[in-house]
$ cat work08.cif   # mmCIF, C-alpha atoms
data_work
#
loop_
_atom_site.label_atom_id
_atom_site.label_comp_id
_atom_site.auth_asym_id
_atom_site.auth_seq_id
_atom_site.Cartn_x
_atom_site.Cartn_y
_atom_site.Cartn_z
CA MET A 237 51.71 -6.72 -5.79
CA LEU A 238 50.74 -8.20 -2.47
CA ALA A 239 50.38 -4.72 -0.97
CA ILE A 240 48.04 -3.59 -3.75
CA LYS A 241 45.92 -6.70 -3.39
CA GLN A 242 45.69 -6.21 0.37
CA GLU A 243 44.71 -2.55 -0.02
CA LYS A 244 41.98 -3.53 -2.43
CA MET A 245 40.70 -6.19 -0.10
CA GLU A 246 40.56 -3.76 2.79
CA ASN A 247 38.53 -1.26 0.85
CA LYS A 248 35.35 -3.23 1.25
CA PHE A 249 33.10 -0.41 0.15
CA GLN A 250 34.90 -0.24 -3.20
CA ALA A 251 34.79 -4.02 -3.45
CA THR A 252 31.02 -3.85 -2.93
CA LEU A 253 30.67 -1.27 -5.68
CA GLU A 254 32.75 -3.37 -8.05
CA TYR A 255 30.66 -6.40 -7.21
CA LEU A 256 27.56 -4.44 -8.16
CA ALA A 257 29.04 -2.89 -11.30
CA GLU A 258 29.96 -6.27 -12.75
CA TYR A 259 26.26 -7.17 -12.93
CA ARG A 260 24.92 -6.77 -16.46
CA GLY A 261 22.81 -3.62 -16.76
CA VAL A 262 24.28 -1.71 -13.81
CA LYS A 263 25.32 1.73 -15.01
CA ALA A 264 26.52 3.33 -11.77
CA ALA A 265 26.65 2.84 -8.02
CA THR A 266 27.51 5.18 -5.18
CA ILE A 267 28.01 4.83 -1.46
CA CYS A 268 27.65 7.98 0.59
CA ASP A 269 26.98 8.88 4.19
CA ASP A 270 23.75 10.43 5.45
CA GLU A 271 25.15 13.90 4.89
CA GLY A 272 25.86 13.25 1.24
CA LEU A 273 29.62 12.76 1.51
CA VAL A 274 30.61 10.32 -1.22
CA ILE A 275 32.55 7.38 0.21
CA GLY A 276 32.92 5.55 -3.07
CA SER A 277 31.45 5.44 -6.51
CA ILE A 278 31.70 3.52 -9.72
CA GLY A 279 30.09 4.13 -13.08
CA GLN A 280 30.23 3.88 -16.82
CA GLU A 281 32.35 6.50 -18.55
CA ASN A 282 29.48 8.79 -19.49
CA ILE A 283 27.90 8.76 -16.03
CA ASP A 284 29.08 10.79 -13.07
CA ALA A 285 28.08 8.48 -10.23
CA GLU A 286 28.63 11.25 -7.69
CA TYR A 287 25.44 12.96 -8.91
CA PHE A 288 23.45 10.23 -7.23
CA SER A 289 24.47 11.22 -3.72
CA PRO A 290 22.61 14.59 -3.55
CA LEU A 291 19.70 13.12 -5.51
CA ALA A 292 19.32 10.22 -3.06
CA LEU A 293 19.51 12.55 -0.06
CA LEU A 294 16.87 14.83 -1.54
CA ILE A 295 14.53 11.96 -2.33
CA LEU A 296 15.01 10.35 1.09
CA GLU A 297 14.46 13.61 2.94
CA GLN A 298 11.20 14.33 1.12
CA THR A 299 9.93 10.79 1.37
CA ASN A 300 10.74 10.56 5.08
CA LYS A 301 8.72 13.74 5.66
CA VAL A 302 5.74 12.06 4.02
CA LEU A 303 6.20 8.84 6.02
CA ASN A 304 6.54 10.83 9.22
CA ARG A 305 3.24 12.59 8.51
CA LEU A 306 1.67 9.17 8.02
CA ASN A 307 3.14 7.94 11.33
CA GLU A 308 5.33 5.43 9.53
CA ASN A 309 9.00 4.58 10.07
CA PRO A 310 11.70 6.13 7.85
CA VAL A 311 12.63 4.68 4.46
CA GLN A 312 14.74 1.52 4.48
CA SER A 313 14.77 1.05 0.77
CA MET A 314 13.39 2.70 -2.35
CA VAL A 315 13.12 1.54 -5.92
CA ILE A 316 12.27 4.04 -8.65
CA LYS A 317 11.63 2.74 -12.13
CA THR A 318 11.53 5.21 -15.00
CA ASN A 319 11.06 4.63 -18.71
CA ASP A 320 14.80 4.03 -19.11
CA SER A 321 16.33 3.54 -15.68
CA TRP A 322 16.03 1.68 -12.46
CA LEU A 323 17.26 3.52 -9.38
CA THR A 324 17.60 1.74 -6.04
CA ILE A 325 18.35 3.54 -2.78
CA GLU A 326 19.24 1.45 0.27
CA CYS A 327 19.70 2.92 3.75
CA ILE A 328 22.11 0.97 5.93
CA ASP A 329 22.54 2.71 9.30
CA ASN A 330 24.02 6.06 8.30
CA ILE A 331 25.28 4.80 4.95
CA ILE A 332 23.33 5.12 1.72
CA LEU A 333 23.85 2.88 -1.29
CA VAL A 334 22.53 4.08 -4.65
CA VAL A 335 22.45 1.80 -7.69
CA ASN A 336 21.47 2.93 -11.16
CA ALA A 337 20.72 0.28 -13.77
CA ALA A 338 19.15 0.11 -17.20
CA ILE A 339 15.43 -0.62 -17.14
CA GLU A 340 16.01 -3.84 -19.10
CA THR A 341 18.11 -5.29 -16.27
CA ASP A 342 16.64 -8.53 -14.95
CA GLU A 343 14.91 -8.63 -11.57
CA LEU A 344 17.73 -10.69 -10.05
CA LEU A 345 19.59 -7.42 -9.63
CA LYS A 346 17.58 -7.14 -6.40
CA VAL A 347 19.36 -10.21 -5.10
CA ARG A 348 22.74 -8.72 -6.03
CA ILE A 349 21.81 -5.46 -4.29
CA GLY A 350 20.71 -7.46 -1.24
CA GLN A 351 24.11 -9.16 -1.15
CA ALA A 352 25.85 -5.79 -1.50
CA VAL A 353 23.83 -4.46 1.43
CA GLU A 354 24.95 -7.44 3.52
CA MET A 355 28.58 -6.75 2.53
CA ILE A 356 28.25 -3.15 3.68
CA LYS A 357 26.54 -4.19 6.93
CA SER A 358 29.23 -6.72 7.67
CA HIS A 359 31.98 -4.18 6.92
CA LEU A 360 30.33 -1.61 9.18
CA LYS A 361 29.98 -4.18 11.94
CA ASP A 362 33.66 -5.18 11.71
CA LYS A 363 35.14 -1.77 11.26
CA TYR A 364 32.76 0.50 13.17
CA PRO A 365 31.09 -1.66 15.84
CA LEU A 366 30.03 1.40 17.82
CA LEU A 367 27.81 2.51 14.96
CA GLU A 368 25.54 -0.47 15.52
CA LYS A 369 22.10 0.56 16.71
CA MET B 109 -7.94 -9.70 5.17
CA ASN B 110 -7.50 -11.98 8.15
CA ILE B 111 -5.89 -10.26 11.07
CA ASN B 112 -4.75 -12.17 14.11
CA ALA B 113 -5.15 -11.08 17.72
CA ALA B 114 -1.55 -9.88 18.05
CA GLU B 115 -1.90 -7.68 14.99
CA LEU B 116 -5.15 -6.26 16.33
CA ASP B 117 -3.50 -5.47 19.67
CA GLU B 118 -0.66 -3.78 17.82
CA ARG B 119 -3.15 -1.80 15.76
CA ILE B 120 -5.06 -0.77 18.89
CA ILE B 121 -1.86 0.46 20.57
CA LYS B 122 -0.84 2.39 17.45
CA CYS B 123 -4.24 4.02 17.02
CA GLN B 124 -4.57 4.81 20.74
CA LYS B 125 -1.16 6.46 20.68
CA ILE B 126 -2.20 8.69 17.79
CA LEU B 127 -5.51 9.50 19.49
CA ASP B 128 -3.73 10.35 22.76
CA THR B 129 -1.44 12.74 20.87
CA ASP B 130 -4.29 14.25 18.91
CA PRO B 131 -7.74 13.70 20.47
CA ASN B 132 -9.33 15.31 17.39
CA SER B 133 -7.81 12.72 15.05
CA GLN B 134 -10.11 10.67 12.82
CA ILE B 135 -8.12 7.59 13.82
CA PHE B 136 -10.90 6.82 16.34
CA ALA B 137 -12.78 4.95 13.59
CA ALA B 138 -9.84 2.62 13.02
CA LEU B 139 -9.48 2.13 16.77
CA ALA B 140 -13.18 1.29 17.10
CA ASP B 141 -12.94 -1.10 14.16
CA ALA B 142 -9.98 -2.90 15.75
CA TYR B 143 -11.96 -3.29 19.01
CA ARG B 144 -14.95 -4.53 17.00
CA LYS B 145 -12.80 -7.16 15.31
CA LYS B 146 -11.55 -8.23 18.73
CA GLY B 147 -15.16 -8.67 19.84
CA ALA B 148 -15.17 -5.69 22.24
CA ILE B 149 -18.47 -4.39 20.86
CA GLN B 150 -19.34 -1.97 23.68
CA THR B 151 -15.90 -0.33 23.58
CA ALA B 152 -16.16 0.00 19.80
CA LEU B 153 -19.59 1.61 20.09
CA GLU B 154 -18.44 4.09 22.73
CA ILE B 155 -15.31 5.11 20.78
CA CYS B 156 -17.32 5.60 17.60
CA LYS B 157 -20.06 7.62 19.26
CA ASN B 158 -17.54 9.86 21.05
CA GLY B 159 -15.55 10.39 17.85
CA LEU B 160 -18.65 11.19 15.83
CA GLU B 161 -19.48 14.01 18.25
CA ILE B 162 -16.28 15.71 17.01
CA HIS B 163 -16.55 14.53 13.38
CA PRO B 164 -20.27 14.22 12.64
CA ASP B 165 -19.64 13.98 8.85
CA TYR B 166 -17.00 11.26 8.95
CA SER B 167 -18.59 8.52 6.86
CA SER B 168 -16.01 5.81 7.67
CA ALA B 169 -16.99 6.04 11.33
CA TYR B 170 -20.67 5.46 10.48
CA ILE B 171 -19.58 2.40 8.48
CA VAL B 172 -17.67 1.06 11.49
CA LEU B 173 -20.69 1.80 13.65
CA ALA B 174 -22.95 -0.07 11.20
CA LYS B 175 -20.61 -3.07 11.24
CA THR B 176 -20.57 -3.00 15.04
CA PHE B 177 -24.37 -3.05 15.17
CA ILE B 178 -24.36 -5.96 12.69
CA ASP B 179 -22.04 -7.85 15.05
CA GLN B 180 -24.45 -7.04 17.86
CA GLY B 181 -27.38 -8.34 15.81
CA ASN B 182 -29.08 -4.92 15.77
CA TYR B 183 -29.69 -4.71 12.01
CA GLU B 184 -32.21 -1.84 12.11
CA GLU B 185 -29.66 0.39 13.82
CA ALA B 186 -26.92 -0.83 11.44
CA ASP B 187 -29.14 0.21 8.52
CA ARG B 188 -29.71 3.65 10.08
CA GLN B 189 -25.98 4.22 10.56
CA LEU B 190 -25.21 3.09 7.02
CA HIS B 191 -27.69 5.61 5.66
CA LYS B 192 -25.83 8.31 7.58
CA ALA B 193 -22.58 7.17 5.92
CA ILE B 194 -24.28 7.39 2.50
CA ALA B 195 -25.64 10.83 3.33
CA ALA B 196 -22.14 12.00 4.34
CA SER B 197 -20.07 10.63 1.43
CA GLY B 198 -22.31 8.91 -1.05
CA ARG B 199 -22.23 5.31 -2.17
CA THR B 200 -19.20 3.11 -2.75
CA ARG B 201 -19.02 -0.58 -3.63
CA SER B 202 -18.18 -1.53 -0.05
CA VAL B 203 -21.19 0.45 1.23
CA ASP B 204 -23.42 -1.32 -1.31
CA ILE B 205 -22.14 -4.71 -0.21
CA LEU B 206 -22.65 -3.87 3.45
CA GLN B 207 -26.15 -2.60 2.74
CA SER B 208 -27.09 -5.77 0.91
CA GLU B 209 -25.82 -7.82 3.85
CA ILE B 210 -28.01 -5.79 6.21
CA LEU B 211 -31.02 -6.07 3.89
CA VAL B 212 -30.60 -9.85 3.80
CA LYS B 213 -30.58 -9.92 7.59
CA LEU B 214 -33.68 -7.71 7.66
CA GLY B 215 -35.44 -10.15 5.34
CA GLN B 216 -35.54 -7.70 2.41
CA LYS B 217 -33.89 -10.10 0.01
CA ASN B 218 -35.36 -8.67 -3.18
CA LYS B 219 -33.87 -5.26 -2.48
CA ALA B 220 -30.56 -6.88 -1.60
CA LYS B 221 -30.64 -8.94 -4.79
CA ILE B 222 -31.14 -5.85 -6.97
CA ILE B 223 -28.08 -4.19 -5.42
CA LEU B 224 -26.00 -7.37 -5.63
CA GLU B 225 -26.90 -8.07 -9.24
CA LYS B 226 -25.76 -4.59 -10.21
CA LEU B 227 -22.50 -5.14 -8.32
CA HIS B 228 -22.04 -8.55 -9.91
CA LYS B 229 -22.55 -7.13 -13.39
CA SER B 230 -19.82 -4.53 -12.91
CA ASP B 231 -17.43 -6.89 -11.12
CA PRO B 232 -18.19 -10.55 -11.88
CA LEU B 233 -15.10 -11.78 -10.02
CA ASN B 234 -16.02 -10.35 -6.64
CA GLU B 235 -16.28 -13.38 -4.34
CA THR B 236 -18.21 -11.60 -1.58
CA VAL B 237 -20.91 -10.51 -4.02
CA LYS B 238 -21.05 -13.97 -5.59
CA ASN B 239 -21.39 -15.64 -2.18
CA LEU B 240 -24.15 -13.27 -1.08
CA LEU B 241 -26.06 -13.85 -4.31
CA VAL B 242 -25.69 -17.60 -3.92
CA SER B 243 -26.89 -17.43 -0.32
CA ILE B 244 -30.02 -15.46 -1.33
CA ASP B 245 -30.80 -17.82 -4.23
CA LYS B 246 -30.24 -20.82 -2.00
CA GLU B 247 -32.77 -19.64 0.58
CA ASP B 248 -35.33 -18.53 -2.04
CA ILE B 249 -35.27 -21.61 -4.24
CA GLU B 250 -34.50 -24.39 -1.84
CA PRO B 251 -35.64 -23.39 1.62
CA LEU B 252 -35.79 -27.00 2.82
CA ALA B 253 -33.19 -28.67 0.70
CA ARG B 254 -30.24 -27.73 2.89
CA PRO B 255 -27.91 -30.64 2.07
CA ILE B 256 -27.64 -29.70 -1.59
CA VAL B 257 -24.64 -27.46 -2.06
CA PRO B 258 -25.43 -24.77 -4.62
CA GLN B 259 -22.87 -24.47 -7.34
CA LEU B 260 -22.32 -21.70 -9.80
CA LYS B 261 -22.84 -22.92 -13.32
CA PRO B 262 -19.65 -22.74 -15.32
CA GLN B 263 -19.98 -19.58 -17.34
CA PRO B 264 -18.56 -18.94 -20.77
CA GLU B 265 -15.37 -16.94 -20.46
CA GLU B 266 -16.33 -13.29 -20.36
CA LYS B 267 -14.22 -10.52 -21.73
CA ARG B 268 -13.09 -8.88 -18.53
CA SER B 269 -13.19 -5.15 -18.21
CA TYR B 270 -12.84 -3.18 -15.01
CA THR B 271 -13.77 0.35 -14.15
CA LEU B 272 -11.27 2.17 -11.96
CA SER B 273 -13.55 1.58 -8.98
CA ASN B 274 -13.69 -2.19 -9.64
CA ALA B 275 -9.94 -2.40 -10.07
CA LEU B 276 -9.27 -0.60 -6.80
CA SER B 277 -11.80 -2.78 -4.95
CA ILE B 278 -10.06 -5.91 -6.20
CA ILE B 279 -6.61 -4.59 -5.27
CA LYS B 280 -7.88 -3.67 -1.81
CA VAL B 281 -8.80 -7.27 -1.01
CA LEU B 282 -5.46 -8.72 -2.16
CA PRO B 283 -3.45 -10.26 0.71
CA ARG B 284 -1.71 -7.77 3.00
CA VAL B 285 -2.94 -4.72 1.12
CA LEU B 286 -3.98 -2.07 3.64
CA GLY B 287 -5.43 0.38 1.19
CA VAL B 288 -5.41 1.77 -2.29
CA VAL B 289 -5.97 5.30 -3.57
CA ALA B 290 -6.18 6.81 -7.05
CA VAL B 291 -5.00 10.42 -7.18
CA GLY B 292 -5.31 12.84 -10.08
CA THR B 293 -2.43 14.93 -11.36
CA ASP B 294 -3.77 17.80 -9.25
CA GLY B 295 -3.33 15.76 -6.04
CA ILE B 296 -7.08 15.31 -5.54
CA VAL B 297 -8.17 11.81 -4.53
CA ILE B 298 -10.34 10.28 -7.26
CA GLU B 299 -11.23 7.18 -5.31
CA GLY B 300 -9.83 5.30 -2.36
CA HIS B 301 -10.42 2.15 -0.39
CA PHE B 302 -9.00 2.11 3.11
CA ASP B 303 -9.82 0.42 6.37
CA GLY B 304 -9.83 3.78 8.08
CA MET B 305 -6.26 3.40 9.34
CA MET B 306 -5.19 6.41 7.31
CA ALA B 307 -6.88 9.46 5.97
CA LYS B 308 -6.94 8.70 2.26
CA ASP B 309 -7.00 12.38 1.28
CA GLU B 310 -3.86 13.00 3.29
CA LEU B 311 -2.11 9.93 1.90
CA GLY B 312 -3.11 10.88 -1.64
CA ALA B 313 -1.88 14.44 -1.34
CA LEU B 314 1.37 13.50 0.40
CA ALA B 315 2.22 10.63 -1.92
CA SER B 316 1.51 12.64 -5.06
CA GLY B 317 3.60 15.51 -3.66
CA SER B 318 6.43 13.10 -3.00
CA PHE B 319 6.07 11.66 -6.50
CA ASP B 320 6.34 15.15 -8.04
CA ASN B 321 9.49 15.89 -6.03
CA ILE B 322 11.10 12.64 -7.14
CA LYS B 323 10.09 13.34 -10.74
CA GLN B 324 11.78 16.74 -10.59
CA GLY B 325 14.93 15.36 -8.99
CA ILE B 326 15.21 12.53 -11.49
CA SER B 327 14.65 14.77 -14.49
CA LYS B 328 17.63 16.90 -13.41
CA ILE B 329 19.98 14.00 -14.08
CA LYS B 330 18.05 12.84 -17.12
CA LEU B 331 16.86 9.49 -15.82
CA GLY B 332 13.51 9.70 -17.61
CA GLN B 333 9.94 9.80 -16.34
CA PRO B 334 9.18 7.77 -13.19
CA LEU B 335 6.71 4.95 -13.80
CA GLU B 336 6.82 3.14 -10.47
CA ILE B 337 8.12 3.95 -7.02
CA LEU B 338 8.39 1.43 -4.23
CA ILE B 339 9.08 2.75 -0.75
CA GLU B 340 9.94 0.23 1.95
CA ALA B 341 9.83 1.23 5.60
CA LYS B 342 10.20 -0.94 8.69
CA GLU B 343 6.55 -1.96 8.99
CA SER B 344 4.98 -1.00 5.72
CA LYS B 345 5.43 -0.55 2.02
CA LEU B 346 4.09 2.11 -0.28
CA PHE B 347 3.81 1.40 -3.96
CA ILE B 348 3.14 4.33 -6.32
CA ILE B 349 2.26 3.57 -9.93
CA ASN B 350 2.05 6.28 -12.58
CA ARG B 351 -0.88 5.55 -14.90
CA SER B 352 -1.81 7.98 -17.69
CA LYS B 353 -3.55 10.81 -15.83
CA MET B 354 -3.37 9.48 -12.33
CA LEU B 355 -1.26 7.88 -9.63
CA ILE B 356 -2.31 4.65 -7.99
CA ILE B 357 -0.98 4.47 -4.44
CA ILE B 358 -1.04 1.12 -2.68
CA SER B 359 -0.19 0.75 0.99
CA THR B 360 0.74 -2.73 2.20
CA ARG B 361 2.14 -4.52 5.20
CA ASP B 362 5.89 -5.11 5.21
CA ASP B 363 5.49 -8.88 4.77
CA VAL B 364 3.62 -8.58 1.47
CA ASN B 365 4.78 -10.79 -1.40
CA LEU B 366 5.75 -8.00 -3.80
CA GLY B 367 6.33 -10.23 -6.81
CA SER B 368 2.91 -11.77 -6.55
CA LEU B 369 1.28 -8.41 -5.81
CA LYS B 370 2.88 -6.82 -8.88
CA LEU B 371 1.76 -9.68 -11.10
CA LYS B 372 -1.81 -9.40 -9.86
CA ILE B 373 -1.85 -5.62 -10.22
CA ASN B 374 -0.53 -5.85 -13.78
CA GLU B 375 -3.18 -8.42 -14.58
CA ILE B 376 -5.94 -6.22 -13.15
CA PHE B 377 -4.65 -3.07 -14.87
CA LYS B 378 -4.53 -4.89 -18.20
CA PHE B 379 -8.34 -4.92 -18.14
CA THR B 380 -8.87 -1.55 -16.48
CA ASP B 381 -10.26 1.47 -18.23
CA PHE B 382 -8.33 4.47 -16.86
CA SER B 383 -9.96 7.02 -19.15
#

$ encode --input "work08.cif" --output "structure tokens"
Amino acid sequence: MLAIKQEKMENKFQATLEYLAEYRGVKAATICDDEGLVIGSIGQENIDAEYFSPLALLILEQTNKVLNRLNENPVQSMVIKTNDSWLTIECIDNIILVVNAAIETDELLKVRIGQAVEMIKSHLKDKYPLLEK
Amino acid sequence: MNINAAELDERIIKCQKILDTDPNSQIFAALADAYRKKGAIQTALEICKNGLEIHPDYSSAYIVLAKTFIDQGNYEEADRQLHKAIAASGRTRSVDILQSEILVKLGQKNKAKIILEKLHKSDPLNETVKNLLVSIDKEDIEPLARPIVPQLKPQPEEKRSYTLSNALSIIKVLPRVLGVVAVGTDGIVIEGHFDGMMAKDELGALASGSFDNIKQGISKIKLGQPLEILIEAKESKLFIINRSKMLIIISTRDDVNLGSLKLKINEIFKFTDFS
């Protein structure tokens, strides 16, 4: 029992995803690296959260091209609202967090996503200090 | 928009860097405008004149030149340069406002009043127009009665209605908004208001291209039709709103209050005719 609990605690990325998924309205969340490799994902039964990794990479690549042409810095965060969904993409060093929520979800989800980003940052800092820019 | 000296210096460095990389860039107008705002009138004039030799039809540069001559007190030359801007790209609300300011300075208040009254009719909330009208009325009616502060009579609440042009002008003057562009579904810019920091045609085309790509990607996993896209970069934000037959693209500084901006935009769009 203790071993399982410890393992769960150590997997901070999964803990972050669970923290996000418990928020009302969140349908799926994925953490992947900047090459699209899925590190962790969580989602409702009918949603394959792993789909969000290639989608996020594609969107980021195209948007960064536009920003580069406009002499702007690369994307840090993106929020796409559709008629039924709310997709957030957060870039944290070479890690990408994607959160899909129902459009009716309240705006405080942003705060929850902000906290999740901090959790990932802190985990990266502890576990992979050399990654820090 | 109030810009402090540090921001102007930063803007000058950024523009100069772009101009050094590409001497044919139209960024010279933004560079000249930044120098003008810093009070370096001669430098602004030189940059504008040099740039206009390469881009003789670039209307934004004539506008900067006109503003520089206004700062110098040379209103006749400012008027001449503004006419060149009109000849190159036609009239916009900001050109009309600038022209009325010049006309006031040249003592042609009746002409200025005609322009301002038209502007006021189409956009009764525009503070700059209101202030200019008040200043003309004040000088005409009470040339000696300086201590009396003119006040606008409280008007009955009008039913607000904005044209696309009015709506974009209002959005442009919201705090920390750098520019706003309306782009058609074909990627052609319908109207734009920018300080000259970016080429609005380029921004319009790129942003609408990016929107189409996102739309395609999203439709593949059945997430619906995108209505709003917010892109946050280190020093700026880009907000793309899908409205019936067009995209409204708003570029802001990174420290913009998004919540307040969204509320104001929604309020403006509620009264805007997009047809």

$ residues_near_point --input "work08.cif" --point "(27.3, 5.9, 7.2)" --cutoff "7 Å" --atoms "all atoms listed in the file" --output "PyMOL selection string"
chain A and resi 268-270+329-332

$ closest_residue --input "work08.cif" --among "A:Ser313, A:Ile267, A:Asp362, A:Asp320" --to "A:Lys346" --atoms "all atoms listed in the file"
A:Ser313

$ atom_distance --input "work08.cif" --atom1 "atom CA of A:Thr266" --atom2 "atom CA of A:Val334"
5.1 Å

$ closest_residue --input "work08.cif" --among "A:Glu326, A:Val302, A:Tyr364, A:Asn336" --to "A:Ser277" --atoms "only C-alpha atoms"
A:Asn336

$ resolve_selection --input "work08.cif" --expression "the PyMOL selection byres ((chain A) within 8 of (chain B))" --output "ChimeraX atom specification"
/A:287,291,294-295,298-299,302,306,308-321

$ resolve_selection --input "work08.cif" --expression "the PyMOL selection byres ((chain B and resi 117) around 12)" --output "JSON, numbers by chain"
{"B": [111, 112, 113, 114, 115, 116, 118, 119, 120, 121, 122, 123, 124, 139, 141, 142, 143, 144, 145, 146, 148]}

$ resolve_selection --input "work08.cif" --expression "the PyMOL selection byres ((chain A and resi 257) around 12)" --output "PyMOL selection string"
chain A and resi 250-256+258-266+277-280+285+334-338+345+348-349+352

$ atom_distance --input "work08.cif" --atom1 "atom CA of B:Leu173" --atom2 "atom CA of B:Gln189"
6.6 Å

$ atom_distance --input "work08.cif" --atom1 "atom CA of B:Asp165" --atom2 "atom CA of B:Asp309"
14.8 Å

$ residues_near_point --input "work08.cif" --point "(-16.6, 7.3, 17.8)" --cutoff "12 Å" --atoms "only C-alpha atoms" --output "JSON, numbers by chain"
{"B": [127, 131, 132, 133, 134, 135, 136, 137, 138, 139, 140, 141, 143, 144, 150, 151, 152, 153, 154, 155, 156, 157, 158, 159, 160, 161, 162, 163, 164, 165, 166, 167, 168, 169, 170, 171, 172, 173, 174, 176]}

$ residues_around --input "work08.cif" --residues "B:Ile210" --least-positions-apart "6" --cutoff "10 Å" --atoms "all atoms listed in the file" --output "ChimeraX atom specification"
/B:174-175,178,181-187,190,204,216-217,220

$ decode --input "work08.cif" --residues "stretch 210-226 of chain B" --atoms "N, CA and C atoms" --output "PDB file, in the first residue's frame"
ATOM      1  N   ILE B 210      -5.262  69.722 -37.822  1.00  0.00           N
ATOM      2  CA  ILE B 210      -4.413  70.642 -38.607  1.00  0.00           C
ATOM      3  C   ILE B 210      -5.223  71.868 -39.033  1.00  0.00           C
ATOM      4  N   LEU B 211      -6.469  71.623 -39.476  1.00  0.00           N
ATOM      5  CA  LEU B 211      -7.307  72.735 -39.927  1.00  0.00           C
ATOM      6  C   LEU B 211      -7.562  73.736 -38.789  1.00  0.00           C
ATOM      7  N   VAL B 212      -7.756  73.191 -37.585  1.00  0.00           N
ATOM      8  CA  VAL B 212      -7.945  74.074 -36.426  1.00  0.00           C
ATOM      9  C   VAL B 212      -6.710  74.954 -36.242  1.00  0.00           C
ATOM     10  N   LYS B 213      -5.542  74.317 -36.341  1.00  0.00           N
ATOM     11  CA  LYS B 213      -4.291  75.066 -36.159  1.00  0.00           C
ATOM     12  C   LYS B 213      -4.108  76.103 -37.268  1.00  0.00           C
ATOM     13  N   LEU B 214      -4.618  75.780 -38.471  1.00  0.00           N
ATOM     14  CA  LEU B 214      -4.477  76.721 -39.583  1.00  0.00           C
ATOM     15  C   LEU B 214      -5.564  77.799 -39.559  1.00  0.00           C
ATOM     16  N   GLY B 215      -6.430  77.732 -38.556  1.00  0.00           N
ATOM     17  CA  GLY B 215      -7.491  78.734 -38.417  1.00  0.00           C
ATOM     18  C   GLY B 215      -8.722  78.449 -39.266  1.00  0.00           C
ATOM     19  N   GLN B 216      -8.762  77.289 -39.909  1.00  0.00           N
ATOM     20  CA  GLN B 216      -9.921  76.953 -40.759  1.00  0.00           C
ATOM     21  C   GLN B 216     -10.916  76.123 -39.954  1.00  0.00           C
ATOM     22  N   LYS B 217     -11.479  76.765 -38.939  1.00  0.00           N
ATOM     23  CA  LYS B 217     -12.311  76.017 -37.985  1.00  0.00           C
ATOM     24  C   LYS B 217     -13.616  75.506 -38.571  1.00  0.00           C
ATOM     25  N   ASN B 218     -14.176  76.258 -39.523  1.00  0.00           N
ATOM     26  CA  ASN B 218     -15.446  75.792 -40.102  1.00  0.00           C
ATOM     27  C   ASN B 218     -15.269  74.472 -40.841  1.00  0.00           C
ATOM     28  N   LYS B 219     -14.173  74.399 -41.604  1.00  0.00           N
ATOM     29  CA  LYS B 219     -13.891  73.152 -42.340  1.00  0.00           C
ATOM     30  C   LYS B 219     -13.682  72.010 -41.349  1.00  0.00           C
ATOM     31  N   ALA B 220     -12.927  72.320 -40.293  1.00  0.00           N
ATOM     32  CA  ALA B 220     -12.642  71.299 -39.277  1.00  0.00           C
ATOM     33  C   ALA B 220     -13.940  70.831 -38.617  1.00  0.00           C
ATOM     34  N   LYS B 221     -14.824  71.794 -38.371  1.00  0.00           N
ATOM     35  CA  LYS B 221     -16.081  71.472 -37.680  1.00  0.00           C
ATOM     36  C   LYS B 221     -16.951  70.542 -38.531  1.00  0.00           C
ATOM     37  N   ILE B 222     -16.961  70.798 -39.838  1.00  0.00           N
ATOM     38  CA  ILE B 222     -17.773  69.938 -40.732  1.00  0.00           C
ATOM     39  C   ILE B 222     -17.275  68.489 -40.643  1.00  0.00           C
ATOM     40  N   ILE B 223     -15.953  68.329 -40.704  1.00  0.00           N
ATOM     41  CA  ILE B 223     -15.373  66.975 -40.628  1.00  0.00           C
ATOM     42  C   ILE B 223     -15.695  66.341 -39.266  1.00  0.00           C
ATOM     43  N   LEU B 224     -15.493  67.131 -38.212  1.00  0.00           N
ATOM     44  CA  LEU B 224     -15.687  66.590 -36.860  1.00  0.00           C
ATOM     45  C   LEU B 224     -17.148  66.238 -36.584  1.00  0.00           C
ATOM     46  N   GLU B 225     -18.058  67.044 -37.101  1.00  0.00           N
ATOM     47  CA  GLU B 225     -19.476  66.745 -36.866  1.00  0.00           C
ATOM     48  C   GLU B 225     -19.887  65.433 -37.532  1.00  0.00           C
ATOM     49  N   LYS B 226     -19.325  65.211 -38.722  1.00  0.00           N
ATOM     50  CA  LYS B 226     -19.593  63.939 -39.413  1.00  0.00           C
ATOM     51  C   LYS B 226     -19.050  62.773 -38.570  1.00  0.00           C
TER      52      LYS B 226
END
